[in-house]
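K.L.:
What follows is query_8.tsv, made up of TSV, C-alpha atoms:
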chain	number	residue	atom	x	y	z
A	1	MET	CA	14.88	-0.30	6.11
A	2	GLY	CA	17.83	-2.12	7.59
A	3	LYS	CA	19.56	-5.02	6.04
A	4	GLU	CA	17.65	-6.76	3.27
A	5	LYS	CA	16.81	-10.41	3.77
A	6	PRO	CA	16.12	-12.95	1.07
A	7	MET	CA	12.40	-13.17	0.33
A	8	THR	CA	10.73	-16.45	1.04
A	9	LYS	CA	7.17	-17.67	0.65
A	10	ASN	CA	6.89	-17.33	4.42
A	11	LEU	CA	7.63	-13.64	4.18
A	12	LEU	CA	4.81	-13.11	1.70
A	13	LEU	CA	2.47	-15.16	3.84
A	14	ARG	CA	3.39	-13.20	6.96
A	15	ARG	CA	2.77	-9.92	5.14
A	16	GLY	CA	-0.63	-11.09	3.93
A	17	ARG	CA	-1.52	-12.52	7.32
A	18	ALA	CA	-0.61	-9.28	9.12
A	19	ASN	CA	-2.88	-7.30	6.79
A	20	LEU	CA	-5.70	-9.75	7.33
A	21	ILE	CA	-5.34	-9.66	11.12
A	22	ALA	CA	-5.40	-5.85	11.06
A	23	ILE	CA	-8.62	-5.84	9.06
A	24	LEU	CA	-10.33	-8.52	11.11
A	25	GLY	CA	-9.15	-6.93	14.37
A	26	ALA	CA	-10.59	-3.58	13.41
A	27	GLY	CA	-13.86	-5.27	12.68
A	28	LEU	CA	-14.22	-6.44	16.24
A	29	PHE	CA	-14.57	-2.90	17.51
A	30	ALA	CA	-17.05	-1.32	15.16
A	31	SER	CA	-19.98	-1.94	12.86
A	32	PRO	CA	-19.18	-3.20	9.39
A	33	LEU	CA	-20.44	-1.33	6.39
A	34	TRP	CA	-20.32	-2.08	2.73
A	35	GLY	CA	-17.88	0.08	0.90
A	36	ALA	CA	-19.13	2.34	-1.83
A	37	GLU	CA	-16.06	2.06	-3.97
A	38	GLY	CA	-16.27	0.04	-7.11
A	39	PRO	CA	-14.02	-2.81	-8.13
A	40	PHE	CA	-11.29	-0.47	-9.39
A	41	PHE	CA	-7.69	-0.46	-8.23
A	42	ILE	CA	-6.37	2.58	-10.07
A	43	THR	CA	-9.35	4.66	-11.13
A	44	TYR	CA	-11.05	6.85	-8.54
A	45	THR	CA	-14.74	7.51	-8.68
A	46	HIS	CA	-16.38	10.63	-7.27
A	47	GLN	CA	-17.77	8.62	-4.38
A	48	MET	CA	-16.44	10.00	-1.11
A	49	GLU	CA	-15.96	8.12	2.13
A	50	GLU	CA	-18.99	8.62	4.34
A	51	PRO	CA	-18.34	11.10	7.18
A	52	GLY	CA	-17.00	9.26	10.23
A	53	ASN	CA	-16.36	6.00	8.40
A	54	LEU	CA	-12.95	4.40	8.27
A	55	GLU	CA	-11.91	2.02	5.55
A	56	ILE	CA	-8.93	-0.24	6.01
A	57	ALA	CA	-7.66	-1.78	2.82
A	58	THR	CA	-4.74	-3.46	1.19
A	59	LYS	CA	-3.90	-3.22	-2.47
A	60	ASN	CA	-1.27	-5.54	-3.80
A	61	VAL	CA	0.26	-6.07	-7.18
A	62	THR	CA	2.47	-8.86	-8.38
A	63	GLY	CA	4.26	-9.09	-11.68
A	64	ARG	CA	7.48	-9.79	-13.43
A	65	THR	CA	9.35	-7.61	-15.84
A	66	GLU	CA	11.41	-8.80	-18.78
A	67	GLY	CA	14.72	-9.96	-17.38
A	68	GLY	CA	13.67	-8.94	-13.89
A	69	ASP	CA	12.53	-10.81	-10.82
A	70	ARG	CA	8.97	-11.37	-9.69
A	71	PHE	CA	7.84	-8.71	-7.22
A	72	LEU	CA	4.97	-8.08	-4.85
A	73	GLY	CA	4.07	-4.48	-4.12
A	74	ALA	CA	1.87	-4.09	-1.06
A	75	THR	CA	-0.01	-1.00	0.05
A	76	THR	CA	-1.98	-0.63	3.25
A	77	GLU	CA	-4.56	2.15	3.22
A	78	LEU	CA	-6.48	3.96	5.91
A	79	GLU	CA	-9.28	6.07	4.44
A	80	TYR	CA	-11.42	8.34	6.59
A	81	GLY	CA	-14.41	10.49	5.79
A	82	VAL	CA	-13.70	13.78	7.55
A	83	LYS	CA	-16.68	15.59	6.02
A	84	GLY	CA	-19.12	14.75	3.32
A	85	TRP	CA	-16.97	16.82	0.93
A	86	TRP	CA	-13.54	15.82	2.29
A	87	THR	CA	-11.94	12.37	2.39
A	88	THR	CA	-8.41	11.80	3.60
A	89	GLU	CA	-6.30	8.70	3.11
A	90	PHE	CA	-2.93	7.52	4.38
A	91	TYR	CA	-0.90	4.77	2.71
A	92	LEU	CA	2.07	2.72	3.80
A	93	ASP	CA	3.97	1.07	0.96
A	94	GLY	CA	6.30	-1.90	0.91
A	95	GLN	CA	7.48	-4.49	-1.52
A	96	ALA	CA	9.20	-7.83	-1.77
A	97	THR	CA	11.20	-8.99	-4.75
A	98	ASN	CA	12.26	-12.53	-5.41
A	99	ARG	CA	15.91	-13.09	-4.47
A	100	GLN	CA	16.32	-9.46	-3.43
A	101	GLY	CA	14.40	-9.11	-0.20
A	102	ALA	CA	11.58	-7.02	1.21
A	103	LEU	CA	11.54	-3.41	2.27
A	104	PHE	CA	9.37	-0.52	3.36
A	105	THR	CA	9.27	1.97	0.51
A	106	GLY	CA	7.48	4.98	1.92
A	107	TYR	CA	4.15	6.62	2.60
A	108	ARG	CA	1.53	8.69	0.84
A	109	TRP	CA	-1.09	11.09	2.11
A	110	GLU	CA	-3.96	12.05	-0.11
A	111	ASN	CA	-6.99	14.27	0.21
A	112	ARG	CA	-10.04	14.39	-1.99
A	113	PHE	CA	-12.41	17.34	-2.16
A	114	ARG	CA	-15.81	17.33	-3.73
A	115	PHE	CA	-17.26	20.67	-4.70
A	116	LEU	CA	-20.71	20.15	-6.13
A	117	PRO	CA	-23.23	19.44	-3.40
A	118	ARG	CA	-25.65	17.55	-5.62
A	119	GLU	CA	-25.31	14.58	-7.93
A	120	HIS	CA	-24.90	15.60	-11.56
A	121	TRP	CA	-24.27	13.87	-14.88
A	122	ILE	CA	-20.56	14.47	-14.33
A	123	ASN	CA	-19.26	15.03	-10.80
A	124	PRO	CA	-15.79	16.54	-10.35
A	125	VAL	CA	-13.55	15.80	-7.38
A	126	LEU	CA	-10.11	17.31	-6.79
A	127	TYR	CA	-7.43	14.97	-5.51
A	128	VAL	CA	-4.16	16.16	-3.96
A	129	GLU	CA	-1.45	13.79	-2.77
A	130	PHE	CA	1.98	14.04	-1.25
A	131	GLU	CA	4.14	10.97	-1.52
A	132	ASN	CA	7.48	10.27	0.07
A	133	ILE	CA	8.66	7.02	-1.41
A	134	ASN	CA	11.84	5.60	-2.78
A	135	GLY	CA	12.71	4.24	-6.19
A	136	ALA	CA	12.04	0.67	-5.12
A	137	ASP	CA	8.34	1.33	-4.60
A	138	ARG	CA	6.14	-1.14	-6.46
A	139	GLY	CA	2.70	0.05	-5.42
A	140	LEU	CA	2.07	1.22	-8.99
A	141	LEU	CA	-1.03	3.11	-7.99
A	142	ALA	CA	-0.67	5.46	-10.94
A	143	VAL	CA	1.21	5.41	-14.21
A	144	VAL	CA	2.44	8.81	-15.37
A	145	GLY	CA	4.91	10.35	-17.81
A	146	HIS	CA	7.12	7.76	-19.44
A	147	ASP	CA	6.86	5.23	-16.62
A	148	GLY	CA	7.71	1.80	-17.92
A	149	GLN	CA	8.73	-1.64	-16.88
A	150	GLU	CA	12.38	-0.58	-16.70
A	151	ASP	CA	11.40	1.54	-13.68
A	152	PHE	CA	10.72	-1.54	-11.63
A	153	SER	CA	13.26	-3.96	-13.01
A	154	GLY	CA	16.26	-2.45	-11.21
A	155	ARG	CA	17.73	-4.00	-8.10
A	156	ASN	CA	16.22	-2.95	-4.80
A	157	SER	CA	19.59	-2.17	-3.27
A	158	GLU	CA	20.13	0.52	-5.90
A	159	ALA	CA	16.56	1.69	-6.44
A	160	ARG	CA	15.90	2.31	-2.75
A	161	VAL	CA	18.56	5.04	-2.70
A	162	GLU	CA	16.49	7.22	-5.01
A	163	LYS	CA	14.15	9.46	-3.00
A	164	LYS	CA	10.88	10.49	-4.56
A	165	ARG	CA	9.05	13.31	-2.87
A	166	GLU	CA	6.22	14.05	-5.23
A	167	LEU	CA	3.05	16.04	-5.41
A	168	GLU	CA	0.25	14.55	-7.41
A	169	ALA	CA	-3.00	16.14	-8.43
A	170	LYS	CA	-5.93	14.45	-10.10
A	171	LEU	CA	-9.12	15.69	-11.56
A	172	ILE	CA	-11.63	12.94	-10.94
A	173	LEU	CA	-14.81	12.91	-12.99
A	174	GLY	CA	-17.46	10.41	-12.08
A	175	SER	CA	-20.96	9.48	-13.15
A	176	HIS	CA	-23.57	6.92	-12.25
A	177	TYR	CA	-25.88	6.01	-15.09
A	178	LYS	CA	-28.54	3.32	-14.88
A	179	GLY	CA	-26.53	1.27	-12.40
A	180	TRP	CA	-23.24	1.74	-14.25
A	181	THR	CA	-20.35	3.66	-12.73
A	182	ILE	CA	-18.17	5.60	-15.14
A	183	ALA	CA	-15.03	7.42	-14.00
A	184	GLU	CA	-12.18	9.31	-15.63
A	185	ASN	CA	-9.06	10.60	-13.89
A	186	PHE	CA	-6.57	13.11	-15.27
A	187	ILE	CA	-3.26	13.05	-13.41
A	188	ALA	CA	-0.43	15.56	-13.03
A	189	GLU	CA	2.61	14.67	-10.95
A	190	LYS	CA	5.71	16.63	-10.03
A	191	ASN	CA	8.79	15.74	-8.07
A	192	VAL	CA	9.16	18.60	-5.59
A	193	ARG	CA	12.90	18.93	-6.30
A	194	HIS	CA	13.34	18.32	-9.97
A	195	ALA	CA	11.97	16.64	-13.07
A	196	PRO	CA	9.17	18.00	-15.24
A	197	PHE	CA	5.45	17.70	-14.74
A	198	GLU	CA	4.32	14.22	-15.72
A	199	PHE	CA	0.85	13.37	-16.87
A	200	GLY	CA	-1.30	10.29	-16.90
A	201	TYR	CA	-4.85	9.07	-17.03
A	202	ALA	CA	-7.10	6.34	-15.73
A	203	ALA	CA	-10.64	5.50	-16.75
A	204	GLY	CA	-13.02	2.78	-15.75
A	205	VAL	CA	-16.52	1.49	-16.05
A	206	SER	CA	-18.23	-0.97	-13.72
A	207	ARG	CA	-21.59	-2.32	-12.66
A	208	PRO	CA	-22.97	-4.80	-10.15
A	209	LEU	CA	-24.01	-8.16	-11.56
A	210	ALA	CA	-27.58	-7.53	-10.36
A	211	PHE	CA	-29.24	-4.14	-9.95
A	212	ALA	CA	-32.01	-5.14	-7.55
A	213	ALA	CA	-31.29	-6.66	-4.15
A	214	ARG	CA	-32.72	-9.98	-3.06
A	215	PRO	CA	-34.94	-9.94	0.04
A	216	GLU	CA	-32.93	-12.55	1.92
A	217	ARG	CA	-29.39	-12.26	3.19
A	218	CYS	CA	-27.05	-13.91	0.77
A	219	THR	CA	-23.35	-14.38	0.32
A	220	PHE	CA	-22.72	-15.32	-3.29
A	221	CYS	CA	-25.72	-13.66	-4.92
A	222	ALA	CA	-25.20	-11.48	-7.97
A	223	GLU	CA	-25.84	-8.18	-6.16
A	224	ASN	CA	-22.66	-8.76	-4.12
A	225	PHE	CA	-20.44	-8.92	-7.20
A	226	GLN	CA	-19.19	-5.99	-9.21
A	227	VAL	CA	-17.43	-6.29	-12.51
A	228	GLY	CA	-15.67	-3.68	-14.56
A	229	VAL	CA	-12.75	-2.75	-16.69
A	230	GLU	CA	-10.24	0.02	-16.30
A	231	MET	CA	-7.56	1.45	-18.52
A	232	TYR	CA	-4.66	3.58	-17.36
A	233	GLY	CA	-1.37	4.88	-18.64
A	234	GLY	CA	1.09	7.70	-19.04
A	235	LEU	CA	0.78	10.81	-21.18
A	236	GLY	CA	4.36	12.02	-21.20
A	237	THR	CA	5.65	15.23	-19.70
A	238	HIS	CA	4.89	18.90	-20.26
A	239	ALA	CA	7.81	19.04	-22.71
A	240	ASP	CA	6.86	15.82	-24.42
A	241	PHE	CA	3.12	15.41	-24.06
A	242	GLY	CA	1.50	12.45	-25.77
A	243	VAL	CA	1.42	8.68	-25.87
A	244	HIS	CA	4.78	8.17	-27.57
A	245	ASP	CA	7.04	5.92	-25.47
A	246	THR	CA	4.51	5.49	-22.69
A	247	SER	CA	2.97	2.47	-21.04
A	248	HIS	CA	-0.71	1.63	-20.97
A	249	TYR	CA	-2.71	-1.12	-19.33
A	250	LEU	CA	-6.13	-2.67	-19.76
A	251	ALA	CA	-7.48	-4.37	-16.66
A	252	PRO	CA	-10.73	-6.27	-16.24
A	253	THR	CA	-11.65	-6.35	-12.57
A	254	VAL	CA	-14.09	-8.10	-10.28
A	255	GLY	CA	-15.05	-7.38	-6.68
A	256	TRP	CA	-17.08	-9.36	-4.21
A	257	THR	CA	-18.45	-8.12	-0.91
A	258	SER	CA	-19.03	-10.80	1.68
A	259	GLY	CA	-22.04	-10.86	3.98
A	260	GLY	CA	-19.79	-9.46	6.72
A	261	GLY	CA	-18.90	-6.39	4.69
A	262	THR	CA	-15.38	-7.32	3.61
A	263	THR	CA	-14.67	-6.67	-0.04
A	264	PHE	CA	-12.24	-8.75	-2.07
A	265	LYS	CA	-11.03	-7.58	-5.47
A	266	ILE	CA	-8.83	-9.04	-8.15
A	267	SER	CA	-7.72	-7.69	-11.48
A	268	PRO	CA	-5.25	-8.85	-14.10
A	269	SER	CA	-3.58	-5.91	-15.89
A	270	PHE	CA	-2.43	-6.45	-19.44
A	271	GLY	CA	0.27	-4.23	-20.89
A	272	LEU	CA	-0.65	-2.68	-24.24
A	273	THR	CA	2.70	-1.28	-25.36
A	274	ASP	CA	6.29	-2.48	-25.48
A	275	LYS	CA	7.09	-0.21	-22.57
A	276	SER	CA	4.42	-1.79	-20.36
A	277	ALA	CA	4.90	-4.84	-18.21
A	278	ARG	CA	3.27	-7.75	-20.02
A	279	MET	CA	0.96	-8.74	-17.21
A	280	MET	CA	0.42	-7.94	-13.55
A	281	ILE	CA	-2.13	-9.23	-11.10
A	282	ARG	CA	-3.69	-6.89	-8.58
A	283	PHE	CA	-5.61	-8.10	-5.57
A	284	GLY	CA	-6.94	-6.41	-2.50
A	285	VAL	CA	-9.13	-6.61	0.55
A	286	SER	CA	-11.03	-3.78	2.19
A	287	TYR	CA	-13.20	-3.43	5.24
A	288	GLU	CA	-15.23	-0.39	6.17
A	289	ILE	CA	-16.01	0.58	9.75
A	290	ALA	CA	-19.02	2.78	10.28
A	291	GLN	CA	-18.77	5.84	12.53
A	292	PHE	CA	-15.29	4.95	13.70
A	293	GLY	CA	-14.38	6.52	17.04
A	294	ARG	CA	-17.75	8.21	17.42
A	295	ARG	CA	-19.63	7.51	20.62
A	296	ARG	CA	-22.70	5.32	20.38
B	297	MET	CA	-34.27	34.16	25.80
B	298	LYS	CA	-31.48	31.65	26.37
B	299	TRP	CA	-34.02	28.85	26.67
B	300	MET	CA	-35.73	29.95	23.52
B	301	GLY	CA	-32.39	29.89	21.69
B	302	LEU	CA	-31.67	26.41	22.99
B	303	VAL	CA	-35.06	25.12	21.94
B	304	LEU	CA	-34.62	26.65	18.48
B	305	ALA	CA	-31.15	25.12	18.16
B	306	LEU	CA	-32.39	21.67	19.17
B	307	GLY	CA	-35.30	22.01	16.81
B	308	THR	CA	-32.93	22.89	14.00
B	309	ILE	CA	-30.77	19.84	14.72
B	310	CYS	CA	-33.77	17.50	14.80
B	311	GLN	CA	-35.10	18.97	11.59
B	312	ALA	CA	-31.75	18.84	9.82
B	313	GLY	CA	-32.35	15.46	8.26
B	314	THR	CA	-36.00	15.71	7.34
B	315	ASP	CA	-35.62	19.27	5.97
B	316	LEU	CA	-33.72	17.77	3.12
B	317	LEU	CA	-36.93	16.29	1.79
B	318	GLY	CA	-38.26	19.79	1.29
B	319	HIS	CA	-35.42	20.57	-1.09
B	320	ALA	CA	-36.47	17.92	-3.56
B	321	PRO	CA	-37.66	19.54	-6.81
B	322	VAL	CA	-41.35	19.11	-7.58
B	323	ALA	CA	-40.65	16.99	-10.64
B	324	ALA	CA	-38.39	14.65	-8.65
B	325	SER	CA	-40.93	14.36	-5.83
B	326	ALA	CA	-43.59	13.34	-8.30
B	327	ALA	CA	-41.63	10.32	-9.51
B	328	ALA	CA	-43.45	7.06	-8.88
B	329	ASN	CA	-41.82	4.09	-7.20
B	330	PRO	CA	-41.78	1.14	-9.61
B	331	TYR	CA	-41.83	-1.16	-6.58
B	332	GLU	CA	-44.84	0.44	-4.89
B	333	GLY	CA	-46.84	-2.20	-3.05
B	334	ASP	CA	-44.20	-4.85	-3.66
B	335	GLU	CA	-43.68	-6.82	-0.45
B	336	THR	CA	-40.51	-8.52	-1.74
B	337	ALA	CA	-38.97	-5.16	-2.60
B	338	ALA	CA	-39.78	-3.85	0.88
B	339	ARG	CA	-37.99	-6.82	2.45
B	340	ALA	CA	-34.98	-6.24	0.21
B	341	GLY	CA	-35.16	-2.57	1.20
B	342	ALA	CA	-35.09	-3.52	4.89
B	343	LYS	CA	-31.91	-5.48	4.29
B	344	LEU	CA	-30.35	-2.55	2.47
B	345	VAL	CA	-31.41	-0.05	5.14
B	346	GLU	CA	-29.81	-2.15	7.85
B	347	ARG	CA	-26.59	-2.26	5.89
B	348	GLU	CA	-26.42	1.26	4.49
B	349	CYS	CA	-28.44	3.49	6.80
B	350	GLN	CA	-28.59	2.13	10.36
B	351	PRO	CA	-25.03	3.07	11.37
B	352	CYS	CA	-26.14	6.73	11.31
B	353	HIS	CA	-29.93	6.55	11.53
B	354	GLY	CA	-30.25	3.71	14.01
B	355	GLU	CA	-31.52	4.19	17.55
B	356	ARG	CA	-28.04	3.44	18.88
B	357	SER	CA	-26.23	5.77	16.53
B	358	ALA	CA	-24.47	8.80	17.94
B	359	GLY	CA	-25.20	11.23	15.17
B	360	LYS	CA	-28.02	13.70	14.75
B	361	ALA	CA	-29.46	11.85	11.80
B	362	PRO	CA	-33.24	11.42	12.19
B	363	LEU	CA	-34.76	8.05	12.93
B	364	LEU	CA	-36.06	6.42	9.79
B	365	ASN	CA	-39.39	5.37	11.28
B	366	SER	CA	-40.45	8.97	11.88
B	367	SER	CA	-43.59	10.25	10.23
B	368	PRO	CA	-41.92	13.02	8.13
B	369	ILE	CA	-39.97	10.31	6.35
B	370	ARG	CA	-42.82	7.81	6.14
B	371	ASP	CA	-45.23	10.43	4.83
B	372	ALA	CA	-42.84	12.02	2.35
B	373	PRO	CA	-43.43	11.47	-1.37
B	374	ALA	CA	-41.53	8.44	-2.62
B	375	GLY	CA	-39.85	10.59	-5.26
B	376	ALA	CA	-38.54	13.00	-2.62
B	377	LEU	CA	-37.01	10.16	-0.63
B	378	PHE	CA	-35.43	8.82	-3.80
B	379	TRP	CA	-34.06	12.29	-4.57
B	380	VAL	CA	-32.46	12.57	-1.11
B	381	LEU	CA	-30.89	9.13	-1.48
B	382	ARG	CA	-29.41	10.13	-4.82
B	383	ASN	CA	-28.10	13.54	-3.81
B	384	GLY	CA	-27.52	13.40	-0.07
B	385	SER	CA	-26.45	16.64	1.54
B	386	LEU	CA	-22.73	17.14	1.29
B	387	TYR	CA	-22.52	19.79	3.99
B	388	ARG	CA	-24.86	18.17	6.51
B	389	GLY	CA	-23.21	14.78	6.59
B	390	MET	CA	-25.81	12.87	4.60
B	391	PRO	CA	-23.85	11.04	1.90
B	392	SER	CA	-25.11	10.40	-1.60
B	393	PHE	CA	-26.14	6.84	-2.31
B	394	ALA	CA	-26.01	7.33	-6.04
B	395	HIS	CA	-23.53	4.45	-6.22
B	396	LEU	CA	-26.40	2.09	-5.43
B	397	PRO	CA	-28.33	1.05	-8.52
B	398	GLU	CA	-31.68	2.81	-8.94
B	399	ALA	CA	-33.52	-0.43	-8.24
B	400	GLN	CA	-31.93	-0.73	-4.82
B	401	ARG	CA	-32.69	2.90	-3.97
B	402	TRP	CA	-36.35	2.35	-4.84
B	403	GLN	CA	-36.34	-0.78	-2.71
B	404	ILE	CA	-35.09	1.31	0.20
B	405	VAL	CA	-37.82	3.87	-0.44
B	406	GLU	CA	-40.47	1.15	-0.45
B	407	TYR	CA	-39.27	-0.04	2.93
B	408	LEU	CA	-39.10	3.49	4.39
B	409	LYS	CA	-42.70	4.15	3.36
B	410	ARG	CA	-43.80	1.13	5.40
B	411	ASN	CA	-41.38	1.48	8.32
B	412	ARG	CA	-43.23	2.02	11.64
I'd like the structure from this file rewritten - as structure tokens, please.
P.N.:
Amino acid sequence: MGKEKPMTKNLLLRRGRANLIAILGAGLFASPLWGAEGPFFITYTHQMEEPGNLEIATKNVTGRTEGGDRFLGATTELEYGVKGWWTTEFYLDGQATNRQGALFTGYRWENRFRFLPREHWINPVLYVEFENINGADRGLLAVVGHDGQEDFSGRNSEARVEKKRELEAKLILGSHYKGWTIAENFIAEKNVRHAPFEFGYAAGVSRPLAFAARPERCTFCAENFQVGVEMYGGLGTHADFGVHDTSHYLAPTVGWTSGGGTTFKISPSFGLTDKSARMMIRFGVSYEIAQFGRRR
Amino acid sequence: MKWMGLVLALGTICQAGTDLLGHAPVAASAAANPYEGDETAARAGAKLVERECQPCHGERSAGKAPLLNSSPIRDAPAGALFWVLRNGSLYRGMPSFAHLPEAQRWQIVEYLKRNR
């Protein structure tokens, strides 16, 4: 919004610091809780936000495309458990690109609905999202259709003009098996004005480093670490379904939850096709507040 | 009649959490806790309960979730407690804790069985 300013290291630091202050500030007013989400950045599990809990999180991605400038896409998330079967989440997106400036790129609102009341081998969750972003968005929270690195190598001043009002639906399938979390997402996305349906997928598997908890409080013990790997990519459009000319990524990921309940995650994403960016680094912080706004 | 209705409603609310235990299938209720009698596991369970359960089940919590040191919970079969932790109750606000490894859920059960 407004005139773009050259990006400096200070700008990135200020952005990161503001996110951190928001998370720490929220923590002063409510009880911390350990988040149930795994170490994934892209793949959703069937785990819903607990009713009344609010999670504040940032998800960031930095990378560089061939011939393009290094960018940092930053997403701030507010996730709230409305009911046991209904979780809603609001995102604010922004990005900064080296030598091009920083800008707010839009917002997203998602809702997840779980239908089966009990835990099964495979647990389906329906995800519906509306996003109002512009072409300069670098959140890269899903890869669909023929998305590729050329989509985020254009100049911000041109890309920001493109408006993207899109509806996205996901079928999330999740399982927990002997301490392992396994999740698969099938994605369909449609620009509300034009363009065909675009499809994509994400899948991940993760586990904590230790299954049993230690009796004493600990910070760097194995039970506080989760490791996993996720894979995600595009599957073309309804007229051109398949993996031809699509981008795919493989991303090992690790998460650590501190004694205070703040979770830190980091994940390098490696592009698997010519259309994919060669490598991106994702990192994020999340903090969950129990029974937010409910009287004690 | 109004009073009777009120008493019944309050009773229903208080029972909401512990009723769940009655829904556990017989086979699940019969499951044995591999940590039964394990003091270390109970201490680990206490740590987990404080982190995962107290925000709703604590004495200072605002919700209608039952206190965890009540006799219906303490006297319930270990397998039934484990079943409730795994499944929760989607429509009553009790989340599933299936994302916790089985070992940690059994540690919680071991603590709940001793919690007075």
K.L.:
Set the distance at 8 Å and use only C-alpha atoms: which residues neighbour range 120-132 of chain A once local chain neighbours fewer than 6 positions away are removed? I'd like the list as a PyMOL selection string.
P.N.:
chain A and resi 46+106-114+163-176
K.L.:
Please give the centre and size of the box around range 331-336 of chain B (axis-aligned, containing every atom listed in the file, 5 Å added per side), with values in Å to one decimal and written as JSON.
P.N.:
{"center_x": -43.7, "center_y": -4.0, "center_z": -3.5, "size_x": 16.3, "size_y": 19.0, "size_z": 16.1}
K.L.:
Would you write out, as a tab-separated table, a table of all residues in range 101-198 of chain A that have an atom no more than 12 Å from an atom of range 275-281 of chain A, listing for each the closest atom pair and the distance in Å to one decimal, considering all atoms listed in the file and ordering rows by chain and rising residue number?
P.N.:
residue	atom	partner	partner_atom	distance
A:Arg138	CA	A:Met280	CA	11.4
A:Gly139	CA	A:Met280	CA	11.6
A:Leu140	CA	A:Met280	CA	10.4
A:Val143	CA	A:Ser276	CA	10.0
A:Val144	CA	A:Ser276	CA	11.9
A:Gly145	CA	A:Lys275	CA	11.8
A:His146	CA	A:Lys275	CA	8.6
A:Asp147	CA	A:Lys275	CA	8.1
A:Gly148	CA	A:Lys275	CA	5.1
A:Gln149	CA	A:Ala277	CA	5.2
A:Glu150	CA	A:Lys275	CA	7.9
A:Asp151	CA	A:Lys275	CA	10.0
A:Phe152	CA	A:Ala277	CA	9.4
A:Ser153	CA	A:Ala277	CA	9.9
K.L.:
Can you pull out the residues contacting Pro397 in chain B? Cut-off 8 Å, using only C-alpha atoms, and skip same-chain residues under 3 positions away; I want them as a PDB file with C-alpha atoms, in the frame of the given file.
P.N.:
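Saved result, selection-v8.pdb, follows:
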ATOM      1  CA  LYS A 178     -28.540   3.320 -14.880  1.00  0.00           C
ATOM      2  CA  GLY A 179     -26.530   1.270 -12.400  1.00  0.00           C
ATOM      3  CA  TRP A 180     -23.240   1.740 -14.250  1.00  0.00           C
ATOM      4  CA  PHE A 211     -29.240  -4.140  -9.950  1.00  0.00           C
ATOM      5  CA  ALA A 212     -32.010  -5.140  -7.550  1.00  0.00           C
TER       6      ALA A 212
ATOM      7  CA  ALA B 394     -26.010   7.330  -6.040  1.00  0.00           C
ATOM      8  CA  GLN B 400     -31.930  -0.730  -4.820  1.00  0.00           C
ATOM      9  CA  ARG B 401     -32.690   2.900  -3.970  1.00  0.00           C
TER      10      ARG B 401
END
K.L.:
With all atoms listed in the file counted and 9 Å as the cut-off, give the residues of chain B in contact with chain A, each with its shortest interatomic distance in Å and the pair that gives it, as CSV.
P.N.:
residue,atom,partner,partner_atom,distance
B:Thr336,CA,A:Pro215,CA,6.0
B:Ala337,CA,A:Pro215,CA,6.8
B:Ala338,CA,A:Pro215,CA,7.8
B:Arg339,CA,A:Pro215,CA,5.0
B:Ala340,CA,A:Pro215,CA,3.7
B:Gly341,CA,A:Pro215,CA,7.5
B:Ala342,CA,A:Pro215,CA,8.0
B:Lys343,CA,A:Pro215,CA,6.9
B:Leu344,CA,A:Ala213,CA,7.8
B:Arg347,CA,A:Leu33,CA,6.2
B:Glu348,CA,A:Leu33,CA,6.8
B:Pro351,CA,A:Ala290,CA,6.1
B:Cys352,CA,A:Gln291,CA,7.5
B:Arg356,CA,A:Arg296,CA,5.9
B:Ser357,CA,A:Arg296,CA,5.2
B:Ala358,CA,A:Arg296,CA,4.6
B:Gly359,CA,A:Arg296,CA,8.3
B:Arg382,CA,A:Glu119,CA,6.8
B:Asn383,CA,A:Arg118,CA,5.0
B:Gly384,CA,A:Arg118,CA,7.2
B:Ser385,CA,A:Pro117,CA,6.5
B:Leu386,CA,A:Gly84,CA,4.8
B:Tyr387,CA,A:Gly84,CA,6.1
B:Arg388,CA,A:Gly84,CA,7.4
B:Gly389,CA,A:Gly84,CA,5.2
B:Met390,CA,A:Gly84,CA,7.1
B:Pro391,CA,A:Glu50,CA,6.0
B:Ser392,CA,A:Glu119,CA,7.6
B:Phe393,CA,A:Ala36,CA,8.3
B:Ala394,CA,A:His176,CA,6.7
B:His395,CA,A:His176,CA,6.5
B:Leu396,CA,A:Gly179,CA,7.0
B:Pro397,CA,A:Gly179,CA,4.3
B:Glu398,CA,A:Gly179,CA,6.4
B:Ala399,CA,A:Ala212,CA,5.0
B:Gln400,CA,A:Ala212,CA,5.2
B:Arg401,CA,A:Ala212,CA,8.8
B:Gln403,CA,A:Ala212,CA,7.8
K.L.:
List the residues sitting within 12 Å of (-38.1, 16.1, -9.3) in the file's frame, using only C-alpha atoms, as number ranges by chain.
P.N.:
B: 317-328, 373-380, 382-383
K.L.:
Pick out the residues sitting within 6 Å of range 93-99 of chain A, and hand them over as a CSV table (one decimal) with C-alpha atoms, keeping the file's coordinate frame; count only C-alpha atoms, and ignore anything fewer than 6 positions along from it in its own chain.
P.N.:
chain,number,residue,atom,x,y,z
A,6,PRO,CA,16.1,-13.0,1.1
A,7,MET,CA,12.4,-13.2,0.3
A,69,ASP,CA,12.5,-10.8,-10.8
A,70,ARG,CA,9.0,-11.4,-9.7
A,71,PHE,CA,7.8,-8.7,-7.2
A,72,LEU,CA,5.0,-8.1,-4.8
A,73,GLY,CA,4.1,-4.5,-4.1
A,74,ALA,CA,1.9,-4.1,-1.1
A,75,THR,CA,0.0,-1.0,0.0
A,105,THR,CA,9.3,2.0,0.5
A,106,GLY,CA,7.5,5.0,1.9
A,107,TYR,CA,4.2,6.6,2.6
K.L.:
To one decimal in Å, tell me the separation between CA of Phe186 in chain A and CA of Glu66 in chain A.
P.N.:
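Separating CA of Phe186 in chain A from CA of Glu66 in chain A is a distance of 28.6 Å.
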